[in-house]
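Okay, so here's the structure we're looking at.
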Amino acid sequence: METMKLEPKVFEVLKDKIQMISSDEGAIYLVGPIRLPVNLYGETVVFNWYCWLNYDEVTEDYGRIIEKLSSSNLAEYQQSSVLVYGDFEKAEDALIRMHSICHTGDIFGSKRCDCGFQLKKSMKQIVESGTGALFYLANHEGRGIGLFSKAMAYVLQENGYDTVEANESLGFVDDSRNYGDAIAVLKTLRSRPVTLITNNPKKLAALEEAGLQLTGRASIWGDESEFNSNYLQTKINRSGHLKNEEASVHVAP
């Protein structure tokens, strides 16, 4: 396929909205901020949106990268992004959420999990706090096993397996998610301390190991029902998620 030739006026519009972040396997190209008005519980809230792309070519010739993307068929691959609210760069503290994509929960509103609830709730917490960022991690479906494998895991769950057993029976580990790219983007957007919205100690550990300054943790339990009570209990019993009463855990600097 012939590479598209980018018009100078198009590049002029885009060039100041793209930056490169070096990574171990090439580069992360970050585009934004883009003004994004969002319907949040019936109110319009304006976020700044960024999206990023992993690419094996490392260059600050962004025009060349843009020209090559038209032949890369990116629509078949998912890219992650981040919603930023308030003065994220300079605020003394900021709430952040590392949210793993959940096709069934986030899009369809499935009650088998609490993901859709956590997505909206964390966005609301960020807005109410005044500043923060929600990282939406597109390659994390099913704790990293992908949507098709998640569908098979659901079949196993309907036949008596819990979440962990289902993933492991399909040859996966319980949780294979990696937060490296999101952390690299976070470090680009902010160097000050953050408070992490999570119940998952593995997310806390990932940020601590990357040298980020954590001021604490904000709990995000809720939306329990007959459809997901076993799932939520498995998170605690098998995956080590922190219980609701441990609502605020201080992390030493």
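Going by the structure tokens order, chains are called A, B, ..., each with residues numbered from 1, while ligands are numbered from 1 in the order shown.
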
task = Determine which residues of segment 3-62 of chain A receive a DSSP assignment of alpha helix (DSSP H), computed from the backbone, and state them as a list in words.
result = Pro8, Lys9, Val10, Phe11, Glu12, Val13, Leu14 and Tyr62 of chain A

Just to be explicit: take each residue in the selection above, keep all heavy atoms, and write the result as a PDB file, in the first residue's frame.
ATOM      1  N   PRO A   8       0.970  19.954   4.162  1.00  0.00           N
ATOM      2  CA  PRO A   8       1.635  20.822   5.151  1.00  0.00           C
ATOM      3  C   PRO A   8       0.661  21.489   6.113  1.00  0.00           C
ATOM      4  O   PRO A   8       0.948  21.616   7.304  1.00  0.00           O
ATOM      5  CB  PRO A   8       2.359  21.854   4.274  1.00  0.00           C
ATOM      6  CG  PRO A   8       2.611  21.133   2.989  1.00  0.00           C
ATOM      7  CD  PRO A   8       1.413  20.251   2.788  1.00  0.00           C
ATOM      8  N   LYS A   9      -0.509  21.910   5.631  1.00  0.00           N
ATOM      9  CA  LYS A   9      -1.451  22.614   6.507  1.00  0.00           C
ATOM     10  C   LYS A   9      -2.048  21.661   7.555  1.00  0.00           C
ATOM     11  O   LYS A   9      -2.390  22.085   8.663  1.00  0.00           O
ATOM     12  CB  LYS A   9      -2.549  23.288   5.695  1.00  0.00           C
ATOM     13  CG  LYS A   9      -3.455  22.354   4.914  1.00  0.00           C
ATOM     14  CD  LYS A   9      -4.507  23.155   4.138  1.00  0.00           C
ATOM     15  CE  LYS A   9      -5.436  22.224   3.367  1.00  0.00           C
ATOM     16  NZ  LYS A   9      -6.469  22.999   2.602  1.00  0.00           N
ATOM     17  N   VAL A  10      -2.164  20.378   7.200  1.00  0.00           N
ATOM     18  CA  VAL A  10      -2.665  19.388   8.162  1.00  0.00           C
ATOM     19  C   VAL A  10      -1.624  19.163   9.257  1.00  0.00           C
ATOM     20  O   VAL A  10      -1.943  19.134  10.450  1.00  0.00           O
ATOM     21  CB  VAL A  10      -2.996  18.060   7.453  1.00  0.00           C
ATOM     22  CG1 VAL A  10      -3.360  16.982   8.473  1.00  0.00           C
ATOM     23  CG2 VAL A  10      -4.129  18.261   6.465  1.00  0.00           C
ATOM     24  N   PHE A  11      -0.368  19.021   8.860  1.00  0.00           N
ATOM     25  CA  PHE A  11       0.695  18.824   9.835  1.00  0.00           C
ATOM     26  C   PHE A  11       0.834  20.049  10.739  1.00  0.00           C
ATOM     27  O   PHE A  11       1.114  19.908  11.944  1.00  0.00           O
ATOM     28  CB  PHE A  11       2.021  18.549   9.128  1.00  0.00           C
ATOM     29  CG  PHE A  11       3.166  18.336  10.081  1.00  0.00           C
ATOM     30  CD1 PHE A  11       3.191  17.227  10.909  1.00  0.00           C
ATOM     31  CD2 PHE A  11       4.204  19.250  10.157  1.00  0.00           C
ATOM     32  CE1 PHE A  11       4.230  17.026  11.798  1.00  0.00           C
ATOM     33  CE2 PHE A  11       5.246  19.062  11.044  1.00  0.00           C
ATOM     34  CZ  PHE A  11       5.268  17.945  11.867  1.00  0.00           C
ATOM     35  N   GLU A  12       0.636  21.229  10.194  1.00  0.00           N
ATOM     36  CA  GLU A  12       0.731  22.457  10.983  1.00  0.00           C
ATOM     37  C   GLU A  12      -0.277  22.457  12.130  1.00  0.00           C
ATOM     38  O   GLU A  12       0.002  22.929  13.223  1.00  0.00           O
ATOM     39  CB  GLU A  12       0.510  23.676  10.071  1.00  0.00           C
ATOM     40  CG  GLU A  12       0.838  25.014  10.712  1.00  0.00           C
ATOM     41  CD  GLU A  12       2.318  25.178  11.023  1.00  0.00           C
ATOM     42  OE1 GLU A  12       3.155  24.542  10.348  1.00  0.00           O
ATOM     43  OE2 GLU A  12       2.629  25.919  11.974  1.00  0.00           O
ATOM     44  N   VAL A  13      -1.460  21.921  11.865  1.00  0.00           N
ATOM     45  CA  VAL A  13      -2.490  21.823  12.907  1.00  0.00           C
ATOM     46  C   VAL A  13      -2.110  20.783  13.958  1.00  0.00           C
ATOM     47  O   VAL A  13      -2.315  20.987  15.163  1.00  0.00           O
ATOM     48  CB  VAL A  13      -3.858  21.459  12.278  1.00  0.00           C
ATOM     49  CG1 VAL A  13      -4.888  21.177  13.368  1.00  0.00           C
ATOM     50  CG2 VAL A  13      -4.340  22.581  11.369  1.00  0.00           C
ATOM     51  N   LEU A  14      -1.527  19.664  13.529  1.00  0.00           N
ATOM     52  CA  LEU A  14      -1.288  18.532  14.419  1.00  0.00           C
ATOM     53  C   LEU A  14       0.024  18.585  15.191  1.00  0.00           C
ATOM     54  O   LEU A  14       0.122  18.013  16.289  1.00  0.00           O
ATOM     55  CB  LEU A  14      -1.306  17.232  13.610  1.00  0.00           C
ATOM     56  CG  LEU A  14      -2.642  16.817  13.003  1.00  0.00           C
ATOM     57  CD1 LEU A  14      -2.442  15.623  12.079  1.00  0.00           C
ATOM     58  CD2 LEU A  14      -3.645  16.474  14.102  1.00  0.00           C
ATOM     59  N   TYR A  62       7.249  13.718  13.314  1.00  0.00           N
ATOM     60  CA  TYR A  62       5.873  13.267  13.498  1.00  0.00           C
ATOM     61  C   TYR A  62       5.115  13.205  12.182  1.00  0.00           C
ATOM     62  O   TYR A  62       4.187  12.405  12.033  1.00  0.00           O
ATOM     63  CB  TYR A  62       5.154  14.190  14.487  1.00  0.00           C
ATOM     64  CG  TYR A  62       5.824  14.257  15.846  1.00  0.00           C
ATOM     65  CD1 TYR A  62       5.899  15.454  16.545  1.00  0.00           C
ATOM     66  CD2 TYR A  62       6.387  13.127  16.416  1.00  0.00           C
ATOM     67  CE1 TYR A  62       6.524  15.524  17.785  1.00  0.00           C
ATOM     68  CE2 TYR A  62       7.012  13.183  17.647  1.00  0.00           C
ATOM     69  CZ  TYR A  62       7.087  14.385  18.333  1.00  0.00           C
ATOM     70  OH  TYR A  62       7.703  14.448  19.552  1.00  0.00           O
TER      71      TYR A  62
END

Which residues are close to Ala182 of chain A, i.e. within 9 Å by only C-alpha atoms, leaving aside same-chain residues fewer than 2 positions away? Reply as a CSV table (one decimal) with N, CA and C atoms, in the first residue's frame.
chain,number,residue,atom,x,y,z
A,80,SER,N,-5.0,2.9,23.9
A,80,SER,CA,-5.4,3.4,25.2
A,80,SER,C,-5.4,4.9,25.2
A,81,SER,N,-6.1,5.5,26.3
A,81,SER,CA,-6.2,6.9,26.3
A,81,SER,C,-6.3,7.4,27.8
A,82,VAL,N,-6.4,8.7,28.0
A,82,VAL,CA,-6.5,9.2,29.3
A,82,VAL,C,-7.4,10.5,29.3
A,98,MET,N,-6.5,3.9,37.2
A,98,MET,CA,-6.0,3.1,36.1
A,98,MET,C,-7.1,2.1,35.8
A,135,PHE,N,-7.1,6.9,33.3
A,135,PHE,CA,-6.4,6.2,32.3
A,135,PHE,C,-7.3,5.0,31.9
A,136,TYR,N,-7.6,4.9,30.6
A,136,TYR,CA,-8.5,3.9,30.1
A,136,TYR,C,-7.6,2.9,29.2
A,137,LEU,N,-7.4,1.7,29.8
A,137,LEU,CA,-6.3,0.8,29.3
A,137,LEU,C,-6.9,-0.3,28.4
A,178,ASN,N,-0.3,-5.1,32.5
A,178,ASN,CA,1.0,-4.3,32.6
A,178,ASN,C,0.6,-2.9,32.5
A,179,TYR,N,1.2,-2.1,33.4
A,179,TYR,CA,0.9,-0.7,33.5
A,179,TYR,C,2.0,0.2,33.0
A,180,GLY,N,3.0,-0.3,32.4
A,180,GLY,CA,4.2,0.4,32.0
A,180,GLY,C,3.9,1.6,31.1
A,184,ALA,N,4.3,5.6,32.0
A,184,ALA,CA,5.1,6.5,31.2
A,184,ALA,C,4.4,7.8,30.8
A,185,VAL,N,3.1,7.6,30.4
A,185,VAL,CA,2.3,8.8,30.0
A,185,VAL,C,2.0,9.6,31.3
A,186,LEU,N,1.7,9.0,32.4
A,186,LEU,CA,1.4,9.7,33.6
A,186,LEU,C,2.6,10.6,34.0
A,187,LYS,N,3.8,10.0,33.9
A,187,LYS,CA,5.0,10.8,34.3
A,187,LYS,C,5.2,12.0,33.3

note = What separates atom CA of Leu40 of chain A and atom CA of Lys120 of chain A is a distance of 7.2 Å

request  = Rank nothing, just name the residue among A:Asp223, A:Ser129, A:Gln19, A:Leu83 nearest to Gly105 of chain A, using only C-alpha atoms.
outcome  =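 Nearest to Gly105 of chain A: A:Asp223.
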
Output as a tab-separated table one row per residue of segment 117-176 of chain A within 12 Å of segment 91-94 of chain A: the closest atom pair and its distance in Å to one decimal place, counting only C-alpha atoms, sorted by chain and residue number ascending.
residue	atom	partner	partner_atom	distance
A:Gln125	CA	A:Ala94	CA	10.7
A:Ile126	CA	A:Ala94	CA	8.0
A:Val127	CA	A:Ala94	CA	10.4
A:Glu128	CA	A:Ala94	CA	11.1
A:Ser129	CA	A:Ala94	CA	7.8
A:Gly130	CA	A:Ala94	CA	8.1
A:Thr131	CA	A:Ala94	CA	5.5
A:Gly132	CA	A:Ala94	CA	4.7
A:Ala133	CA	A:Ala94	CA	7.7
A:Leu134	CA	A:Ala94	CA	10.8

ask   = Neighbours of Met152 of chain A within 12 Å (only C-alpha atoms; same-chain residues fewer than 4 positions away dropped), as number ranges by chain?
value = A: 142, 145-148, 156-159, 161, 163, 166-171

Selection above as a file: C-alpha atoms, as a PDB file, in the first residue's frame:
ATOM      1  CA  GLY A 142     -10.414  -9.772  31.114  1.00  0.00           C
ATOM      2  CA  ILE A 145      -6.635 -12.319  28.408  1.00  0.00           C
ATOM      3  CA  GLY A 146      -8.633 -10.547  25.685  1.00  0.00           C
ATOM      4  CA  LEU A 147     -12.326 -10.418  24.852  1.00  0.00           C
ATOM      5  CA  PHE A 148     -12.669 -13.820  23.126  1.00  0.00           C
ATOM      6  CA  LEU A 156     -16.716 -21.660  32.608  1.00  0.00           C
ATOM      7  CA  GLN A 157     -18.038 -19.315  35.295  1.00  0.00           C
ATOM      8  CA  GLU A 158     -21.581 -20.315  34.368  1.00  0.00           C
ATOM      9  CA  ASN A 159     -20.498 -23.879  35.099  1.00  0.00           C
ATOM     10  CA  TYR A 161     -15.662 -21.873  38.082  1.00  0.00           C
ATOM     11  CA  THR A 163     -12.953 -15.807  37.970  1.00  0.00           C
ATOM     12  CA  ALA A 166     -11.651 -19.809  34.761  1.00  0.00           C
ATOM     13  CA  ASN A 167      -8.639 -17.758  33.620  1.00  0.00           C
ATOM     14  CA  GLU A 168      -6.161 -20.356  34.855  1.00  0.00           C
ATOM     15  CA  SER A 169      -8.091 -23.231  33.253  1.00  0.00           C
ATOM     16  CA  LEU A 170      -7.666 -21.501  29.889  1.00  0.00           C
ATOM     17  CA  GLY A 171      -3.892 -21.354  30.369  1.00  0.00           C
TER      18      GLY A 171
END

key: Which of segment 1-250 of chain A fall in strand (DSSP E or B), as a ChimeraX atom specification   = /A:18-23,26-40,43-55,81-85,95-100,132-137,194-197,214-218,248-249

Atom CA of Thr195 of chain A to atom CA of Leu95 of chain A, distance in Å rounded to a single decimal = 4.8 Å

Excluding Ala138 of chain A and any residue of its chain fewer than 3 positions from it, enumerate the residues within 8 Å of it, using only C-alpha atoms, and give them as an mmCIF file with N, CA and C atoms, in the first residue's frame.
data_model
loop_
_atom_site.group_PDB
_atom_site.id
_atom_site.type_symbol
_atom_site.label_atom_id
_atom_site.label_comp_id
_atom_site.auth_asym_id
_atom_site.auth_seq_id
_atom_site.Cartn_x
_atom_site.Cartn_y
_atom_site.Cartn_z
ATOM 1 N N GLN A 78 -6.559 -1.954 19.421
ATOM 2 C CA GLN A 78 -7.069 -0.981 20.368
ATOM 3 C C GLN A 78 -5.946 -0.113 20.904
ATOM 4 N N GLN A 79 -6.237 1.167 21.084
ATOM 5 C CA GLN A 79 -5.285 2.080 21.692
ATOM 6 C C GLN A 79 -5.856 2.611 23.008
ATOM 7 N N SER A 80 -4.977 2.885 23.948
ATOM 8 C CA SER A 80 -5.392 3.393 25.244
ATOM 9 C C SER A 80 -5.437 4.918 25.241
ATOM 10 N N SER A 81 -6.088 5.471 26.266
ATOM 11 C CA SER A 81 -6.184 6.925 26.342
ATOM 12 C C SER A 81 -6.345 7.365 27.786
ATOM 13 N N SER A 100 -9.062 -0.659 33.590
ATOM 14 C CA SER A 100 -8.935 -1.642 32.534
ATOM 15 C C SER A 100 -10.235 -1.760 31.751
ATOM 16 N N ILE A 101 -10.124 -1.755 30.441
ATOM 17 C CA ILE A 101 -11.304 -1.845 29.589
ATOM 18 C C ILE A 101 -12.140 -3.074 29.949
ATOM 19 N N GLU A 141 -8.436 -6.159 28.679
ATOM 20 C CA GLU A 141 -9.708 -6.882 28.754
ATOM 21 C C GLU A 141 -9.544 -8.226 29.460
#

inquiry  = For a quick check of understanding, using only C-alpha atoms, which of A:Cys113, A:Ala27, A:Leu6, A:Leu74 has the smallest distance to Glu226 of chain A?
reply    =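 When distances to Glu226 of chain A are compared using only C-alpha atoms, the smallest one comes from A:Cys113.
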
Find the spatial neighbours of Leu204 of chain A, counting only C-alpha atoms, within a cut-off of 10 Å - ignore same-chain residues fewer than 3 positions away - and output them as a tab-separated table (two decimals) with N, CA, C and O atoms, in the first residue's frame.
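Output file out.tsv follows:
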chain	number	residue	atom	x	y	z
A	195	THR	N	-3.00	10.32	44.21
A	195	THR	CA	-3.76	9.37	45.00
A	195	THR	C	-4.45	8.42	44.03
A	195	THR	O	-5.14	8.87	43.11
A	196	LEU	N	-4.27	7.13	44.23
A	196	LEU	CA	-4.78	6.13	43.29
A	196	LEU	C	-6.15	5.61	43.72
A	196	LEU	O	-6.32	5.17	44.85
A	197	ILE	N	-7.11	5.67	42.80
A	197	ILE	CA	-8.44	5.11	43.04
A	197	ILE	C	-8.38	3.63	42.67
A	197	ILE	O	-8.31	3.27	41.50
A	198	THR	N	-8.40	2.76	43.67
A	198	THR	CA	-8.31	1.33	43.39
A	198	THR	C	-8.62	0.51	44.63
A	198	THR	O	-8.51	1.00	45.76
A	199	ASN	N	-8.96	-0.75	44.41
A	199	ASN	CA	-9.03	-1.74	45.48
A	199	ASN	C	-7.92	-2.78	45.31
A	199	ASN	O	-7.80	-3.69	46.12
A	200	ASN	N	-7.16	-2.64	44.24
A	200	ASN	CA	-6.21	-3.67	43.82
A	200	ASN	C	-4.78	-3.32	44.26
A	200	ASN	O	-4.19	-2.37	43.74
A	201	PRO	N	-4.20	-4.07	45.18
A	201	PRO	CA	-2.85	-3.76	45.64
A	201	PRO	C	-1.79	-3.90	44.55
A	201	PRO	O	-0.72	-3.29	44.65
A	207	LEU	N	2.77	1.25	40.60
A	207	LEU	CA	3.13	2.66	40.65
A	207	LEU	C	4.31	2.91	41.58
A	207	LEU	O	5.20	3.70	41.28
A	208	GLU	N	4.32	2.21	42.72
A	208	GLU	CA	5.42	2.37	43.67
A	208	GLU	C	6.74	1.90	43.06
A	208	GLU	O	7.77	2.56	43.20
A	209	GLU	N	6.70	0.75	42.37
A	209	GLU	CA	7.91	0.20	41.76
A	209	GLU	C	8.45	1.11	40.65
A	209	GLU	O	9.64	1.09	40.35
A	212	LEU	N	6.82	6.38	41.45
A	212	LEU	CA	5.86	7.47	41.54
A	212	LEU	C	5.59	7.81	43.01
A	212	LEU	O	5.62	6.94	43.89
A	214	LEU	N	3.16	8.41	45.77
A	214	LEU	CA	1.77	8.12	46.10
A	214	LEU	C	1.43	8.69	47.47
A	214	LEU	O	2.14	8.43	48.44
A	216	GLY	N	-1.69	8.17	48.74
A	216	GLY	CA	-2.67	7.29	49.35
A	216	GLY	C	-3.52	6.57	48.32
A	216	GLY	O	-3.22	6.59	47.12
A	217	ARG	N	-4.59	5.96	48.81
A	217	ARG	CA	-5.51	5.19	47.99
A	217	ARG	C	-6.93	5.58	48.30
A	217	ARG	O	-7.28	5.80	49.47
A	251	VAL	N	0.08	5.92	51.85
A	251	VAL	CA	1.30	5.35	51.31
A	251	VAL	C	2.45	6.26	51.67
A	251	VAL	O	2.45	7.43	51.31

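Closest to Ala151 of chain A among A:Glu165, A:Pro37, A:Lys15, A:His103 is A:His103, based on only C-alpha atoms.
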
message = Taking 3 positions as the minimum chain separation for residues in the same chain, which residues sit within 12 Å of Arg64 of chain A when counting only C-alpha atoms? Answer as a VMD selection string.
response = chain A and resid 3 to 8 11 15 57 to 61 67 to 70

Put those residues in a file: N, CA, C and O atoms, as a PDB file, in the first residue's frame.
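Full text of result-v7.pdb as output:
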ATOM      1  N   THR A   3       2.203   4.878   0.740  1.00  0.00           N
ATOM      2  CA  THR A   3       2.145   5.749   1.907  1.00  0.00           C
ATOM      3  C   THR A   3       1.524   7.084   1.544  1.00  0.00           C
ATOM      4  O   THR A   3       1.872   7.693   0.524  1.00  0.00           O
ATOM      5  N   MET A   4       0.591   7.547   2.362  1.00  0.00           N
ATOM      6  CA  MET A   4      -0.048   8.831   2.135  1.00  0.00           C
ATOM      7  C   MET A   4       0.956   9.968   2.302  1.00  0.00           C
ATOM      8  O   MET A   4       1.858   9.893   3.131  1.00  0.00           O
ATOM      9  N   LYS A   5       0.795  11.026   1.521  1.00  0.00           N
ATOM     10  CA  LYS A   5       1.612  12.229   1.666  1.00  0.00           C
ATOM     11  C   LYS A   5       0.805  13.268   2.424  1.00  0.00           C
ATOM     12  O   LYS A   5      -0.258  13.687   1.993  1.00  0.00           O
ATOM     13  N   LEU A   6       1.307  13.676   3.583  1.00  0.00           N
ATOM     14  CA  LEU A   6       0.586  14.590   4.458  1.00  0.00           C
ATOM     15  C   LEU A   6       0.682  16.022   3.950  1.00  0.00           C
ATOM     16  O   LEU A   6       1.769  16.509   3.623  1.00  0.00           O
ATOM     17  N   GLU A   7      -0.453  16.692   3.875  1.00  0.00           N
ATOM     18  CA  GLU A   7      -0.460  18.093   3.458  1.00  0.00           C
ATOM     19  C   GLU A   7       0.154  18.966   4.544  1.00  0.00           C
ATOM     20  O   GLU A   7      -0.108  18.762   5.737  1.00  0.00           O
ATOM     21  N   PRO A   8       0.970  19.954   4.162  1.00  0.00           N
ATOM     22  CA  PRO A   8       1.635  20.822   5.151  1.00  0.00           C
ATOM     23  C   PRO A   8       0.661  21.489   6.113  1.00  0.00           C
ATOM     24  O   PRO A   8       0.948  21.616   7.304  1.00  0.00           O
ATOM     25  N   PHE A  11      -0.368  19.021   8.860  1.00  0.00           N
ATOM     26  CA  PHE A  11       0.695  18.824   9.835  1.00  0.00           C
ATOM     27  C   PHE A  11       0.834  20.049  10.739  1.00  0.00           C
ATOM     28  O   PHE A  11       1.114  19.908  11.944  1.00  0.00           O
ATOM     29  N   LYS A  15       1.034  19.250  14.663  1.00  0.00           N
ATOM     30  CA  LYS A  15       2.401  19.080  15.171  1.00  0.00           C
ATOM     31  C   LYS A  15       2.562  19.433  16.644  1.00  0.00           C
ATOM     32  O   LYS A  15       3.332  18.780  17.366  1.00  0.00           O
ATOM     33  N   GLU A  57       8.983   2.509  15.604  1.00  0.00           N
ATOM     34  CA  GLU A  57       9.901   3.522  15.075  1.00  0.00           C
ATOM     35  C   GLU A  57      10.016   4.682  16.051  1.00  0.00           C
ATOM     36  O   GLU A  57       9.018   5.228  16.516  1.00  0.00           O
ATOM     37  N   VAL A  58      11.243   5.069  16.349  1.00  0.00           N
ATOM     38  CA  VAL A  58      11.504   6.164  17.277  1.00  0.00           C
ATOM     39  C   VAL A  58      11.983   7.374  16.487  1.00  0.00           C
ATOM     40  O   VAL A  58      13.083   7.374  15.931  1.00  0.00           O
ATOM     41  N   THR A  59      11.163   8.383  16.416  1.00  0.00           N
ATOM     42  CA  THR A  59      11.527   9.590  15.679  1.00  0.00           C
ATOM     43  C   THR A  59      10.676  10.765  16.134  1.00  0.00           C
ATOM     44  O   THR A  59       9.538  10.576  16.573  1.00  0.00           O
ATOM     45  N   GLU A  60      11.258  11.944  16.058  1.00  0.00           N
ATOM     46  CA  GLU A  60      10.491  13.162  16.327  1.00  0.00           C
ATOM     47  C   GLU A  60       9.990  13.790  15.027  1.00  0.00           C
ATOM     48  O   GLU A  60       9.454  14.898  15.026  1.00  0.00           O
ATOM     49  N   ASP A  61      10.152  13.062  13.926  1.00  0.00           N
ATOM     50  CA  ASP A  61       9.558  13.472  12.653  1.00  0.00           C
ATOM     51  C   ASP A  61       8.115  12.976  12.642  1.00  0.00           C
ATOM     52  O   ASP A  61       7.784  11.948  12.061  1.00  0.00           O
ATOM     53  N   GLU A  67       2.027   9.917   8.350  1.00  0.00           N
ATOM     54  CA  GLU A  67       1.890   9.414   6.978  1.00  0.00           C
ATOM     55  C   GLU A  67       1.844   7.888   6.948  1.00  0.00           C
ATOM     56  O   GLU A  67       1.086   7.288   6.187  1.00  0.00           O
ATOM     57  N   LYS A  68       2.602   7.237   7.800  1.00  0.00           N
ATOM     58  CA  LYS A  68       2.660   5.771   7.799  1.00  0.00           C
ATOM     59  C   LYS A  68       1.414   5.140   8.423  1.00  0.00           C
ATOM     60  O   LYS A  68       1.061   4.010   8.098  1.00  0.00           O
ATOM     61  N   LEU A  69       0.727   5.878   9.300  1.00  0.00           N
ATOM     62  CA  LEU A  69      -0.394   5.294  10.024  1.00  0.00           C
ATOM     63  C   LEU A  69      -1.567   4.943   9.125  1.00  0.00           C
ATOM     64  O   LEU A  69      -2.322   4.016   9.421  1.00  0.00           O
ATOM     65  N   SER A  70      -1.729   5.648   8.026  1.00  0.00           N
ATOM     66  CA  SER A  70      -2.878   5.385   7.156  1.00  0.00           C
ATOM     67  C   SER A  70      -2.825   3.987   6.544  1.00  0.00           C
ATOM     68  O   SER A  70      -3.844   3.449   6.126  1.00  0.00           O
TER      69      SER A  70
END

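Between atom CA of Asp24 of chain A and atom CA of Asp56 of chain A lies a distance of 9.8 Å.
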